[in-house]
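Asks: Here it is, the structure, as structure tokens.
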Protein chains: 2
Amino acid sequence: MAAAEPFQRVNRESTAGLITRQLREAIMYGRIAPGAQLSEAALAAQFGVSRGPLREATQRLVQEGLVRAEPNRGLFVKELDAAGIRDLYAARIAVEAAAGRMIIRGHSAEAVAKLRTAYDAMQDAAERGELAELSDADLHFHEVLVDSAGSPRLQRMHKTLMAETRMCLTALQGTYQDPEDQVAEHRRIAEAIAAGDADELVEAVELHMQEALDRLVPG
Amino acid sequence: MAAAEPFQRVNRESTAGLITRQLREAIMYGRIAPGAQLSEAALAAQFGVSRGPLREATQRLVQEGLVRAEPNRGLFVKELDAAGIRDLYAARIAVEAAAGRMIIRGHSAEAVAKLRTAYDAMQDAAERGELAELSDADLHFHEVLVDSAGSPRLQRMHKTLMAETRMCLTALQGTYQDPEDQVAEHRRIAEAIAAGDADELVEAVELHMQEALDRLVPG
DNA sequence: CCTTGCAGGATTGTTGACAATCTGCAGATG
DNA sequence: CATCTGCAGATTGTCAACAATCCTGCAAGG
């Protein structure tokens, strides 16, 4: 037997998995408009597969909540109204605050380092005025936050929430007045974790989400 | 047109939906053993449907995390090891604590009343020594807690978590030394919400989950 | 004794066709 | 002219058969 593992397991993703990922991305980045109908036949033709695997892919998206299925009517890309967005961010507060608490409990220096790297990347993008890059770095920060908690279930929940978040963000790229504020909010979260201050963490997360909400929904 | 609506909308749930529900229940209550393989052909025959809808149903369960799919191998009921159970309860803390906080913020008297009703039902079952009923009332309490928060996303997450919790509980029915303790823990959660004390709430939820964990995983 | 190659059997993955259902429009009817 | 009825078109829901893949056991060779 080889001591190390020089070869990684051959990863043949299922057809449905591939399609799911492509569709999810298309929805996330707004290439398919919210409210648009997804025709199984048309999509199957585009992907060059039969309706079976395609159906499997769409069903996954339905359960993720990105697509709404009306029986015998069709599939529609979900639209987010104000209430939906508020709920989305409430759920993100729940998941991300919990992730932060778990990191604090674990006293993981590695996690703190990763978070600092993540907001350094944001800072860098902000200073260079690369708003698209900053937006990606922003999402990446939150991904790192939840991944570092090491909870598969929180991760899975968060993945779905981030897809929806990306949907919102597409409509709203760069509405921060000052990119520095954006970076600062994330730094506060990371440093609260570094300091092991759970209360401060929760407050920082809630403030961050509230800021985002205020930009997204006027009311 | 009729002024009132004497007929309720005919609810034709999709075949896949029906099968999903039945399978989920079978897994939740341990009628299908953890680790057991699910044969598509055999199940399709049992349900009297073709493999198409059945496949759709199993895929949903896969995404819920109750079933694990190995490509070209088959479907297996997920087994929960100690780490999995710990993660499950960590996720429940995240969701339920967040739900409680949301209720506190909303100052909903109705939610508090419902929670009190829920633990009264537990108390009742406990006094009569009906352990199975007590277990159901226990789960119901947590369901009420999250439903009262009025967050569709938290609700969806929680539903999955509760299915897994039920799986654990099947193996562990009635390991509370004193049913009164079980009731008391829930009462503490409800009253923390009633009092609007977020910190006390979080502590109560964490303690409750820790108690459950201690019973489930010896380590 | 251990490794390698090969059928056998079983399971999943995929496909194209068929049936059921819904929507919208044209035409009939009062 | 307004309203209802029936038909056409399109879409999803379902099915049974085919193809590809994987595991198991056994035998041959080093």
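FYI, nothing fancy with the structure tokens labels: chains A, B, ... in order, residues from 1 per chain, ligands from 1 as they appear.
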Extract, using only C-alpha atoms (C1' of nucleotides), all DNA, RNA and protein residues at most 10 Å from region 42-49 of chain B, discarding same-chain residues fewer than 2 positions from it, and format them as a PDB file with C-alpha atoms (C1' of nucleotides), in the first residue's frame.
Replies:
ATOM      1  CA  THR B  15     -46.965  10.537  -6.187  1.00  0.00           C
ATOM      2  CA  ALA B  16     -43.398  11.358  -5.380  1.00  0.00           C
ATOM      3  CA  LEU B  18     -46.631  10.625  -1.031  1.00  0.00           C
ATOM      4  CA  ILE B  19     -43.810   8.159  -1.353  1.00  0.00           C
ATOM      5  CA  GLN B  22     -44.002   7.326   3.711  1.00  0.00           C
ATOM      6  CA  LEU B  23     -40.335   6.566   3.286  1.00  0.00           C
ATOM      7  CA  LEU B  38     -32.913   0.694  -0.388  1.00  0.00           C
ATOM      8  CA  SER B  39     -33.506  -1.157  -3.625  1.00  0.00           C
ATOM      9  CA  GLU B  40     -35.258   0.966  -6.183  1.00  0.00           C
ATOM     10  CA  ARG B  51     -39.057   3.644 -10.732  1.00  0.00           C
ATOM     11  CA  GLY B  52     -39.457   7.195 -11.982  1.00  0.00           C
ATOM     12  CA  PRO B  53     -41.499   8.687  -9.156  1.00  0.00           C
ATOM     13  CA  LEU B  54     -39.782   6.471  -6.631  1.00  0.00           C
ATOM     14  CA  ARG B  55     -36.433   7.769  -7.734  1.00  0.00           C
TER      15      ARG B  55
ATOM     16  C1'  DT D  14     -45.563   8.168 -15.523  1.00  0.00           C
ATOM     17  C1'  DC D  15     -43.983   4.041 -17.438  1.00  0.00           C
TER      18       DC D  15
END
Asks: Please build the interface table for chain A against chain C with a cut-off of 7 Å, listing for each qualifying residue the nearest atom pair and the distance in Å to one decimal; count only C-alpha atoms (C1' of nucleotides), order rows by chain and increasing number, and write it as JSON lines.
Replies:
{"residue": "A:Ser50", "atom": "CA", "partner": "C:DT15", "partner_atom": "C1'", "distance": 6.3}
{"residue": "A:Asn72", "atom": "CA", "partner": "C:DT21", "partner_atom": "C1'", "distance": 6.2}
{"residue": "A:Arg73", "atom": "CA", "partner": "C:DC22", "partner_atom": "C1'", "distance": 6.6}
Asks: Distance limit 10 Å, atoms considered: only C-alpha atoms. Which chain A residues sit that close to chain B? Return them as a tab-separated table (two decimals) with C-alpha atoms, in the first residue's frame.
Replies:
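Output below, filename part_16.tsv:
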chain	number	residue	atom	x	y	z
A	12	ARG	CA	-17.35	11.10	-11.77
A	13	GLU	CA	-20.17	13.37	-10.80
A	14	SER	CA	-23.56	12.19	-11.81
A	52	GLY	CA	-35.00	11.91	-16.48
A	55	ARG	CA	-35.94	16.26	-13.75
A	56	GLU	CA	-33.75	14.97	-10.99
A	57	ALA	CA	-31.68	18.13	-11.17
A	59	GLN	CA	-36.15	18.54	-8.14
A	60	ARG	CA	-33.01	19.20	-6.17
A	61	LEU	CA	-33.30	22.88	-6.85
A	62	VAL	CA	-36.91	22.79	-5.80
A	63	GLN	CA	-35.93	21.34	-2.48
A	64	GLU	CA	-33.15	23.85	-2.10
A	65	GLY	CA	-35.80	26.47	-2.50
A	71	PRO	CA	-48.11	20.76	-10.17
A	72	ASN	CA	-48.89	20.21	-13.83
A	83	ALA	CA	-40.48	39.31	3.28
A	84	GLY	CA	-38.47	36.58	1.61
A	86	ARG	CA	-35.88	39.43	5.41
A	87	ASP	CA	-36.38	35.77	6.16
A	88	LEU	CA	-33.29	34.87	4.19
A	89	TYR	CA	-31.16	37.19	6.27
A	90	ALA	CA	-32.77	36.04	9.50
A	91	ALA	CA	-31.83	32.49	8.60
A	92	ARG	CA	-28.31	33.60	7.76
A	93	ILE	CA	-28.00	35.28	11.15
A	94	ALA	CA	-29.02	32.01	12.77
A	95	VAL	CA	-26.54	29.92	10.84
A	96	GLU	CA	-23.59	32.27	10.78
A	97	ALA	CA	-23.87	33.34	14.40
A	98	ALA	CA	-24.04	29.69	15.38
A	99	ALA	CA	-21.01	28.94	13.25
A	101	ARG	CA	-20.03	30.47	18.36
A	102	MET	CA	-18.82	27.01	17.43
A	150	GLY	CA	-16.85	22.15	10.85
A	151	SER	CA	-20.54	21.36	10.96
A	152	PRO	CA	-21.79	19.51	7.89
A	153	ARG	CA	-25.38	20.42	8.65
A	154	LEU	CA	-24.74	24.12	9.09
A	155	GLN	CA	-22.67	24.00	5.93
A	156	ARG	CA	-25.45	22.43	3.93
A	157	MET	CA	-28.01	24.92	5.17
A	160	THR	CA	-28.59	27.08	0.08
A	161	LEU	CA	-28.85	30.43	1.79
A	199	ASP	CA	-22.05	38.45	22.55
Asks: Which neighbours of Leu134 (chain B) fall inside 9 Å, counting only C-alpha atoms (C1' of nucleotides), when residues of the same chain fewer than 2 positions from it are skipped, and could you give them as a list in words?
Replies: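 Near neighbours after the sequence-gap exclusion: Ala121, Met122, Gln123, Asp124, Ala125, Ala126, Gly129, Glu130, Leu131, Ala132, Asp136, Ala137, Asp138, Leu139, Gly174, Pro179 and Val183 of chain B.
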Asks: Just give me the gap between CA of Glu143 (chain B) and CA of Val205 (chain B) in Å, one decimal is fine.
Replies: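 Between these atoms lies a distance of 13.8 Å.
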Asks: Point out the residue among B:Leu80, B:Met209, B:Glu127, B:Met167 with the least atom-to-atom distance to Tyr29 (chain B), counting only C-alpha atoms.
Replies: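 Closest to Tyr29 (chain B), using only C-alpha atoms: B:Met167.
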Asks: Residues of chain D no more than 9 Å from chain B, counting only C-alpha atoms (C1' of nucleotides): send them over as a PyMOL selection string.
Replies: chain D and resi 13-16+21-23
Asks: One decimal, Å: what's the distance from CA of Glu133 (chain A) over to CA of Arg166 (chain A), could you say?
Replies: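 Here the two named atoms are 13.5 Å from each other.
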Asks: Write down as a ChimeraX atom specification the residues of region 51-125 of chain B whose backbone DSSP state falls under strand (DSSP E or B).
Replies: /B:67-70,74-77
Asks: In Å, rounded to a single decimal, give me how far CA of Ala118 (chain B) is from CA of Asp197 (chain B).
Replies: 19.6 Å
Asks: Where does DSSP see alpha helix (DSSP H) in chain A, if you list the residues as a PyMOL selection string?
Replies: chain A and resi 15-28+40-47+51-64+82-106+109-127+131-149+152-170+179-195+198-216
